[in-house]
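Asker: Okay, so here is final-v1.tsv, and as you'll see once you scroll down, it has TSV, C-alpha atoms and all ligand atoms.
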chain	number	residue	atom	x	y	z
K	344	MET	CA	258.18	-63.94	98.01
K	345	SER	CA	256.04	-62.05	100.42
K	346	GLU	CA	256.21	-58.32	100.16
K	347	LYS	CA	259.89	-57.52	100.12
K	348	PHE	CA	259.84	-54.01	101.37
K	349	ASP	CA	257.50	-52.03	103.38
K	350	LEU	CA	256.35	-48.68	102.18
K	351	PRO	CA	256.39	-46.47	105.22
K	352	PHE	CA	252.77	-46.53	106.23
K	353	GLU	CA	250.65	-49.64	106.77
K	354	SER	CA	252.32	-52.58	108.43
K	355	ASN	CA	251.33	-55.13	111.07
K	356	LEU	CA	254.91	-56.30	111.46
K	357	VAL	CA	256.86	-55.43	114.56
K	358	PRO	CA	260.27	-56.33	113.20
K	359	LYS	CA	263.69	-56.24	114.84
K	360	MET	CA	265.27	-53.06	113.51
K	361	LEU	CA	268.67	-53.33	111.87
K	362	ASP	CA	271.07	-50.72	110.53
K	363	LEU	CA	273.63	-50.63	107.74
K	364	GLY	CA	276.32	-52.07	110.02
K	365	SER	CA	274.19	-55.02	111.19
K	366	ARG	CA	275.37	-58.45	110.05
K	367	LEU	CA	273.38	-60.54	107.60
K	368	LYS	CA	273.94	-64.28	107.13
K	369	PHE	CA	272.55	-64.96	103.69
K	370	ARG	CA	273.55	-66.01	100.19
K	371	CYS	CA	271.49	-66.36	97.04
K	372	TYR	CA	272.94	-67.89	93.87
K	373	ARG	CA	271.94	-69.73	90.74
K	374	GLY	CA	271.95	-73.42	91.65
K	375	ILE	CA	270.66	-73.03	95.21
K	376	SER	CA	267.88	-75.57	95.89
K	377	CYS	CA	265.21	-72.85	96.19
K	378	TYR	CA	266.27	-71.00	93.03
K	379	ASN	CA	263.32	-68.86	91.84
K	380	ALA	CA	261.08	-69.99	94.74
K	381	CYS	CA	260.77	-66.36	95.87
K	382	CYS	CA	259.60	-65.21	92.43
K	383	LYS	CA	256.88	-67.87	92.48
K	384	LYS	CA	255.26	-66.11	95.43
K	385	ALA	CA	255.75	-62.55	94.31
K	386	ASP	CA	254.08	-59.66	96.11
K	387	ILE	CA	256.04	-56.72	94.80
K	388	THR	CA	254.98	-53.14	95.35
K	389	LEU	CA	256.43	-50.80	92.74
K	390	THR	CA	257.79	-47.30	93.20
K	391	PRO	CA	257.53	-44.65	90.45
K	392	TYR	CA	261.20	-45.20	89.61
K	393	ASP	CA	260.64	-48.97	89.31
K	394	VAL	CA	257.90	-48.25	86.77
K	395	ILE	CA	260.21	-46.01	84.71
K	396	ARG	CA	263.01	-48.60	84.68
K	397	LEU	CA	260.70	-51.44	83.70
K	398	LYS	CA	258.66	-49.60	81.07
K	399	ASP	CA	261.88	-48.37	79.41
K	400	ARG	CA	263.33	-51.87	79.56
K	401	LEU	CA	260.26	-53.24	77.79
K	402	GLY	CA	259.97	-50.31	75.36
K	403	LYS	CA	256.43	-49.56	76.51
K	404	SER	CA	254.61	-46.42	77.51
K	405	SER	CA	253.74	-46.14	81.20
K	406	SER	CA	250.04	-46.74	80.42
K	407	GLU	CA	250.88	-49.89	78.46
K	408	PHE	CA	253.20	-51.09	81.20
K	409	LEU	CA	250.57	-50.50	83.91
K	410	ARG	CA	247.94	-52.30	81.84
K	411	ASP	CA	250.11	-55.30	80.94
K	412	HIS	CA	252.22	-55.89	84.04
K	413	THR	CA	250.65	-54.43	87.18
K	414	VAL	CA	247.61	-54.65	89.40
K	415	PRO	CA	246.31	-51.68	91.36
K	416	PHE	CA	245.78	-51.79	95.11
K	417	ARG	CA	245.09	-49.38	97.95
K	418	MET	CA	248.18	-48.66	100.01
K	419	ASP	CA	246.49	-47.31	103.13
K	420	LYS	CA	243.14	-46.78	104.75
K	421	ASP	CA	242.73	-43.46	102.92
K	422	GLY	CA	242.73	-45.41	99.68
K	423	LEU	CA	246.06	-44.11	98.38
K	424	PRO	CA	246.51	-45.97	95.09
K	425	GLY	CA	249.57	-48.14	94.51
K	426	VAL	CA	250.62	-50.78	91.98
K	427	LYS	CA	252.02	-54.27	92.36
K	428	LEU	CA	253.70	-56.48	89.81
K	429	MET	CA	251.20	-58.75	88.11
K	430	THR	CA	251.47	-62.47	88.83
K	431	ASP	CA	249.61	-65.52	87.56
K	432	ASP	CA	246.90	-67.15	89.70
K	433	GLU	CA	249.53	-69.09	91.65
K	434	GLY	CA	251.50	-65.94	92.44
K	435	VAL	CA	254.30	-66.48	89.88
K	436	CYS	CA	255.82	-63.18	88.76
K	437	ASN	CA	255.15	-62.15	85.19
K	438	PHE	CA	258.85	-61.66	84.59
K	439	MET	CA	260.07	-65.04	85.78
K	440	ASN	CA	261.24	-67.57	83.22
K	441	GLU	CA	263.25	-70.79	83.31
K	442	ALA	CA	266.53	-68.92	83.50
K	443	GLY	CA	265.35	-66.66	86.32
K	444	CYS	CA	264.37	-63.01	86.22
K	445	SER	CA	263.93	-61.76	82.65
K	446	VAL	CA	264.35	-58.12	83.72
K	447	TYR	CA	267.17	-58.70	86.22
K	448	SER	CA	269.23	-55.53	85.67
K	449	ASP	CA	266.03	-53.46	85.96
K	450	ARG	CA	264.33	-55.49	88.68
K	451	PRO	CA	262.31	-53.46	91.19
K	452	THR	CA	263.58	-52.04	94.46
K	453	ALA	CA	261.77	-54.68	96.53
K	454	CYS	CA	263.46	-57.52	94.60
K	455	ARG	CA	266.87	-55.96	95.19
K	456	TYR	CA	266.30	-55.62	98.91
K	457	TYR	CA	265.06	-59.13	99.57
K	458	PRO	CA	265.40	-60.71	102.15
K	459	LEU	CA	265.48	-57.29	103.73
K	460	GLY	CA	262.61	-54.92	104.18
K	461	HIS	CA	263.22	-51.27	104.86
K	462	MET	CA	261.21	-48.48	106.32
K	463	SER	CA	261.75	-44.80	106.88
K	464	MET	CA	260.81	-43.24	110.18
K	465	LEU	CA	260.59	-39.70	111.38
K	466	SER	CA	261.32	-39.52	115.11
K	467	THR	CA	259.53	-36.84	117.11
K	468	GLY	CA	261.41	-33.57	116.76
K	469	ALA	CA	263.82	-34.96	114.13
K	470	LYS	CA	264.44	-32.87	111.00
K	471	SER	CA	265.04	-35.77	108.64
K	472	ASP	CA	263.94	-39.36	108.42
K	473	GLU	CA	266.01	-42.43	109.26
K	474	THR	CA	266.00	-45.68	107.34
K	475	HIS	CA	265.82	-48.94	109.26
K	476	TYR	CA	266.03	-52.45	107.93
K	477	PHE	CA	264.46	-55.72	108.99
K	478	LEU	CA	264.91	-59.31	107.99
K	479	VAL	CA	262.18	-61.20	106.13
K	480	HIS	CA	262.60	-64.88	106.94
K	481	GLU	CA	260.47	-67.15	104.80
K	482	GLU	CA	260.26	-70.92	104.91
K	483	HIS	CA	260.95	-71.44	101.18
K	484	CYS	CA	264.08	-69.28	101.16
K	485	LYS	CA	267.17	-71.40	101.88
K	486	GLY	CA	269.62	-68.54	101.52
K	487	HIS	CA	269.58	-68.02	105.30
K	488	ALA	CA	271.21	-71.42	105.81
K	489	GLU	CA	274.28	-70.40	103.77
K	490	GLU	CA	277.52	-69.50	105.53
K	491	LEU	CA	278.28	-66.15	103.86
K	492	GLU	CA	278.04	-63.29	106.32
K	493	GLN	CA	278.24	-59.61	105.46
K	494	SER	CA	277.01	-56.24	106.64
K	495	ILE	CA	273.72	-54.93	105.34
K	496	ALA	CA	275.66	-52.12	103.64
K	497	GLU	CA	277.75	-54.72	101.77
K	498	TYR	CA	274.69	-56.72	100.80
K	499	LEU	CA	272.87	-53.65	99.45
K	500	LYS	CA	275.96	-52.65	97.49
K	501	SER	CA	275.99	-56.07	95.84
K	502	GLN	CA	272.34	-55.52	94.86
K	503	GLU	CA	273.07	-52.03	93.44
K	504	THR	CA	270.34	-50.33	95.43
K	505	ALA	CA	272.03	-46.90	95.64
K	506	GLN	CA	270.53	-45.50	92.44
K	507	TYR	CA	267.10	-46.80	93.40
K	508	ASP	CA	267.36	-45.34	96.92
K	509	GLU	CA	268.31	-41.98	95.47
K	510	MET	CA	265.46	-41.97	92.96
K	511	ASN	CA	262.89	-43.27	95.46
K	512	ARG	CA	263.85	-40.89	98.26
K	513	GLU	CA	261.53	-37.94	97.60
K	514	TRP	CA	258.53	-40.13	96.86
K	515	MET	CA	259.13	-42.16	100.02
K	516	GLN	CA	259.37	-38.92	101.99
K	517	LEU	CA	256.02	-37.84	100.58
K	518	MET	CA	254.52	-41.12	101.82
K	519	LEU	CA	256.21	-40.69	105.18
K	520	LYS	CA	254.88	-37.17	105.61
K	521	ARG	CA	251.35	-38.35	104.85
K	522	ARG	CA	251.74	-41.07	107.43
K	523	SER	CA	253.29	-38.88	110.10
K	524	MET	CA	250.52	-36.29	109.72
K	525	GLY	CA	247.98	-39.07	110.29
K	526	PRO	CA	244.32	-38.08	110.55
K	527	THR	CA	245.12	-34.33	110.54
K	528	VAL	CA	245.34	-34.35	106.72
K	529	GLY	CA	242.17	-36.42	106.35
K	530	ARG	CA	241.15	-38.56	103.40
K	531	PRO	CA	241.98	-36.75	100.16
K	532	PRO	CA	239.15	-36.34	97.64
K	533	GLU	CA	238.97	-39.06	94.98
K	534	ALA	CA	240.21	-36.62	92.31
K	535	THR	CA	243.39	-35.99	94.34
K	536	LEU	CA	243.94	-39.73	94.73
K	537	GLN	CA	243.63	-40.14	90.96
K	538	LEU	CA	246.07	-37.29	90.47
K	539	PHE	CA	248.49	-39.07	92.79
K	540	PHE	CA	248.21	-42.26	90.73
K	541	MET	CA	248.88	-40.39	87.50
K	542	ALA	CA	251.78	-38.31	88.89
K	543	SER	CA	253.37	-41.38	90.49
K	544	TYR	CA	253.01	-44.08	87.87
K	545	ASP	CA	251.44	-42.96	84.62
K	546	LEU	CA	254.01	-40.44	83.47
K	547	GLU	CA	252.88	-40.03	79.86
K	548	ARG	CA	249.40	-39.11	81.06
K	549	PHE	CA	250.84	-36.81	83.72
K	550	ARG	CA	252.99	-35.18	81.04
K	551	ARG	CA	249.92	-34.44	78.90
K	552	PHE	CA	248.25	-32.95	81.97
K	553	VAL	CA	251.26	-30.73	82.81
K	554	LEU	CA	251.61	-29.52	79.22
K	555	SER	CA	247.88	-28.82	78.86
K	556	GLU	CA	246.50	-25.33	78.52
K	557	ASN	CA	244.50	-25.75	81.69
K	558	PHE	CA	247.67	-26.42	83.67
K	559	ARG	CA	249.51	-23.49	82.10
K	560	ASN	CA	246.58	-21.26	83.01
K	561	SER	CA	246.83	-22.39	86.61
K	562	TYR	CA	250.58	-22.53	87.31
K	563	GLN	CA	253.53	-20.30	86.54
K	564	LEU	CA	256.44	-22.28	85.14
K	565	ASP	CA	259.05	-20.93	82.78
K	566	ASP	CA	259.44	-22.26	79.24
K	567	SER	CA	262.71	-24.03	80.00
K	568	THR	CA	261.00	-26.02	82.79
K	569	TYR	CA	258.22	-27.05	80.41
K	570	GLU	CA	260.86	-28.13	77.88
K	571	VAL	CA	262.55	-30.36	80.44
K	572	LEU	CA	259.26	-31.83	81.66
K	573	ALA	CA	258.25	-32.55	78.08
K	574	LYS	CA	261.37	-34.67	77.52
K	575	GLU	CA	262.73	-36.12	80.75
K	576	ASP	CA	260.91	-38.78	82.72
K	577	LEU	CA	263.06	-38.44	85.84
K	578	SER	CA	262.51	-34.68	86.04
K	579	LEU	CA	258.80	-35.22	85.50
K	580	MET	CA	258.75	-37.86	88.24
K	581	GLN	CA	260.41	-35.41	90.67
K	582	PHE	CA	258.06	-32.64	89.61
K	583	GLY	CA	255.16	-35.05	90.31
K	584	VAL	CA	256.29	-35.39	93.93
K	585	ARG	CA	256.46	-31.59	94.30
K	586	PHE	CA	253.05	-31.27	92.74
K	587	MET	CA	251.56	-33.85	95.10
K	588	ARG	CA	253.14	-32.18	98.15
K	589	GLN	CA	251.30	-29.07	97.05
K	590	ALA	CA	248.05	-31.02	96.56
K	591	PHE	CA	248.27	-32.98	99.84
K	592	PHE	CA	249.86	-30.49	102.22
K	593	GLY	CA	249.36	-27.09	100.59
K	594	GLU	CA	253.13	-26.55	100.16
K	595	ARG	CA	253.37	-23.70	97.66
K	596	THR	CA	256.53	-24.59	95.73
K	597	ILE	CA	254.88	-24.29	92.32
K	598	GLU	CA	253.66	-20.77	91.89
K	599	GLU	CA	250.05	-20.40	90.86
K	600	GLN	CA	248.86	-17.91	88.24
K	601	THR	CA	247.15	-14.87	89.70
K	602	GLY	CA	243.49	-15.58	90.27
K	603	ALA	CA	243.88	-19.33	89.52
K	604	TRP	CA	242.53	-20.30	92.93
K	605	GLU	CA	239.48	-18.02	92.57
K	606	ARG	CA	238.84	-19.37	89.05
K	607	ARG	CA	238.94	-22.93	90.38
K	608	VAL	CA	236.49	-22.06	93.16
K	609	GLU	CA	234.17	-20.49	90.56
K	610	GLN	CA	234.40	-23.56	88.32
K	611	ARG	CA	233.70	-25.82	91.30
K	612	LYS	CA	230.73	-23.71	92.28
K	613	GLU	CA	229.26	-24.45	88.85
K	614	VAL	CA	229.90	-28.18	89.29
K	615	TRP	CA	228.39	-28.16	92.80
K	616	GLU	CA	225.33	-26.29	91.52
K	617	ALA	CA	224.91	-28.76	88.64
K	618	ARG	CA	225.17	-31.66	91.11
K	619	ARG	CA	222.66	-30.01	93.45
K	620	GLN	CA	220.19	-29.55	90.60
K	621	ALA	CA	220.65	-33.17	89.49
K	622	GLU	CA	220.06	-34.34	93.08
K	623	ILE	CA	216.86	-32.26	93.36
K	624	SER	CA	215.50	-33.62	90.10
K	625	ARG	CA	216.41	-37.23	91.12
K	626	HIS	CA	214.58	-36.71	94.40
K	627	GLN	CA	211.51	-35.27	92.64
K	628	GLN	CA	211.47	-38.18	90.22
K	629	ALA	CA	211.58	-40.67	93.10
K	630	GLU	CA	208.73	-38.87	94.87
K	631	ASP	CA	206.64	-38.86	91.63
K	632	GLU	CA	207.24	-42.62	91.22
K	633	LYS	CA	206.12	-43.23	94.82
K	634	TYR	CA	202.74	-41.51	94.40
K	635	LYS	CA	202.11	-42.33	90.73
K	636	ASP	CA	199.57	-45.14	91.40
K	637	ALA	CA	198.14	-43.71	94.60
Q	1	LIG	S1	260.84	-58.92	88.89
Q	1	LIG	FE1	262.34	-60.54	88.70
Q	1	LIG	S2	263.27	-60.71	90.73
Q	1	LIG	FE2	261.37	-59.58	90.98
Q	1	LIG	S3	259.83	-61.10	91.50
Q	1	LIG	FE3	259.77	-60.85	89.29
Q	1	LIG	S4	261.12	-62.42	88.46
Q	1	LIG	FE4	261.58	-62.20	90.65
Q	2	LIG	S1	267.78	-68.05	98.29
Q	2	LIG	FE1	265.88	-66.94	98.72
Q	2	LIG	S2	266.07	-65.13	97.41
Q	2	LIG	FE2	267.51	-66.64	96.61
Q	2	LIG	S3	266.38	-67.81	95.06
Q	2	LIG	FE3	266.15	-68.92	97.00
Q	2	LIG	S4	264.20	-68.14	97.77
Q	2	LIG	FE4	264.90	-66.66	96.26
Kindly transcribe the structure held in the file into structure tokens.
Answerer:
Amino acid sequence: MSEKFDLPFESNLVPKMLDLGSRLKFRCYRGISCYNACCKKADITLTPYDVIRLKDRLGKSSSEFLRDHTVPFRMDKDGLPGVKLMTDDEGVCNFMNEAGCSVYSDRPTACRYYPLGHMSMLSTGAKSDETHYFLVHEEHCKGHAEELEQSIAEYLKSQETAQYDEMNREWMQLMLKRRSMGPTVGRPPEATLQLFFMASYDLERFRRFVLSENFRNSYQLDDSTYEVLAKEDLSLMQFGVRFMRQAFFGERTIEEQTGAWERRVEQRKEVWEARRQAEISRHQQAEDEKYKDA
């Protein structure tokens, strides 16, 4: 299964765009000659909601899930970190067994969409994005030779994508905004990229960060918000998107404590000074080495 959906940024494909009313001739069922062939060539990018569904299904923490079932990759040329489902050396998905998908009712968004890909686009001057679909036609997939024909809307309903679309929407919009702003936003510092990884996928770690004293000293949130974020993964996931919009684009939707910005600048000054001193002493050491035997 080559990548089943396209996050809205890097793609070399120039696909034929389809909409919800477009017709799709396709059927997949247990017993078809290619049954499971797609899961033996799995290239599945996960969304934050996919991670929540799968980690809960397996009764693992997000860190355990990421460690045991995913591989990291860079989603764009700025090095934005993403995660894919882990496969074996031949590309067989971790979750595939003789009977099929062992996590079927919690399978990721990309698996639900196949053989469709989808991408969101923001037309010039448009206020909101539009979703377009395209067909992924792979040699090993015999479902295209079946007679069943239905609209894309009907197909997606049968795959129960609605909940996933709803939960993925804000995160996808964050990606789209980064893409549409192009080089104007520049490459984020490594620390911001790591923050993005944590806020997107490693929710338990992000929760510790949000509940830390440092965070409370920097941002003004009321106690009831902290209570919700301490307990609810979905609320924390949505808060993560807000937080990253603030980090990437400077949107001020989370109020900062008075003087927090100045304190951060002061702290950074100390770090920069320490780095400068370390650089000077490294340089001096190298010079001493050069002339030691002269
Ligand atoms: S998660 Fe399930 S449906 Fe998706 S590739 Fe793996 S085995 Fe196949
Ligand atoms: S028809 Fe396509 S999607 Fe269905 S099992 Fe075969 S390869 Fe996979």
Asker: Which residues are near ligand LIG 2 (chain Q) - at most 7 Å, using all atoms listed in the file? Format: as a ChimeraX atom specification.
Answerer: /K:370-372,375-382,457-458,483-486
Asker: List all protein, DNA and RNA residues that have any atom at most 12 Å from ligand LIG 1 (chain Q), counting all atoms listed in the file, and write the list as number ranges by chain.
Answerer: K: 344-348, 371, 378-389, 393-394, 396-397, 400, 412-413, 427-431, 434-458, 502
Asker: Work out how far CA of Lys368 (chain K) is from CA of Ser463 (chain K), in Å to one decimal.
Answerer: 23.0 Å
Asker: Quick one: everything within 6 Å of region 541-553 of chain K, counting all atoms listed in the file, minus sequence neighbours fewer than 6 positions away in the same chain. Send it as a PDB file with C-alpha atoms, in the coordinates of the input.
Answerer:
ATOM      1  CA  PRO K 391     257.530 -44.650  90.450  1.00  0.00           C
ATOM      2  CA  SER K 405     253.740 -46.140  81.200  1.00  0.00           C
ATOM      3  CA  SER K 406     250.040 -46.740  80.420  1.00  0.00           C
ATOM      4  CA  GLY K 583     255.160 -35.050  90.310  1.00  0.00           C
TER       5      GLY K 583
END
Asker: Neighbouring residues of Leu536 (chain K) were defined as those with any atom within 9 Å, considering all atoms listed in the file; residues of the same chain fewer than 4 positions away were excluded. Please report them as a list in words.
Answerer: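 Non-adjacent residues within range: Gly422, Leu423, Pro424, Pro531, Pro532, Phe540 and Met541 of chain K.
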Asker: Distance CA of Asp508 (chain K)-CA of Tyr392 (chain K), one decimal place?
Answerer: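 About the pair CA of Asp508 (chain K) and CA of Tyr392 (chain K): they are 9.6 Å apart.
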Asker: Box for region 413-416 of chain K: with edges along x, y and z, all listed atoms inside and 6 Å added on each side, what are the centre and edge lengths in Å to one decimal, as lines of an AutoDock Vina configuration file?
Answerer:
center_x = 248.2
center_y = -53.2
center_z = 91.1
size_x = 16.9
size_y = 15.0
size_z = 19.9
Asker: So what do you get for CA of Met524 (chain K) versus CA of Thr390 (chain K), distance-wise?
Answerer: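 Interatomic distance here is 21.1 Å.
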Asker: Choose the residue, out of K:Arg521, K:Lys403, K:Arg512, K:Lys500, that has the smallest atom-to-atom separation from Thr474 (chain K); count only C-alpha atoms.
Answerer: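 With only C-alpha atoms as the atom set, the closest residue is K:Arg512.
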Asker: Would you please work out which residue, of K:Phe369, K:Val426, K:Phe592, K:Gln537, is nearest to His480 (chain K) when using all atoms listed in the file?
Answerer: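 Result for the nearest residue to His480 (chain K): K:Phe369.
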Asker: Pick the closest to Thr601 (chain K) from K:Gln563, K:Gln589, K:Tyr498, K:Gly402: which is it, counting only C-alpha atoms?
Answerer: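 Once distances to Thr601 (chain K) are computed over only C-alpha atoms, the minimum belongs to K:Gln563.
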Asker: Of the candidates K:Glu503, K:Asp421, K:Asp631, K:Glu497, which one gets nearest to Asp362 (chain K) if we count all atoms listed in the file?
Answerer: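 Checking each candidate against Asp362 (chain K), we get K:Glu497 as the closest.
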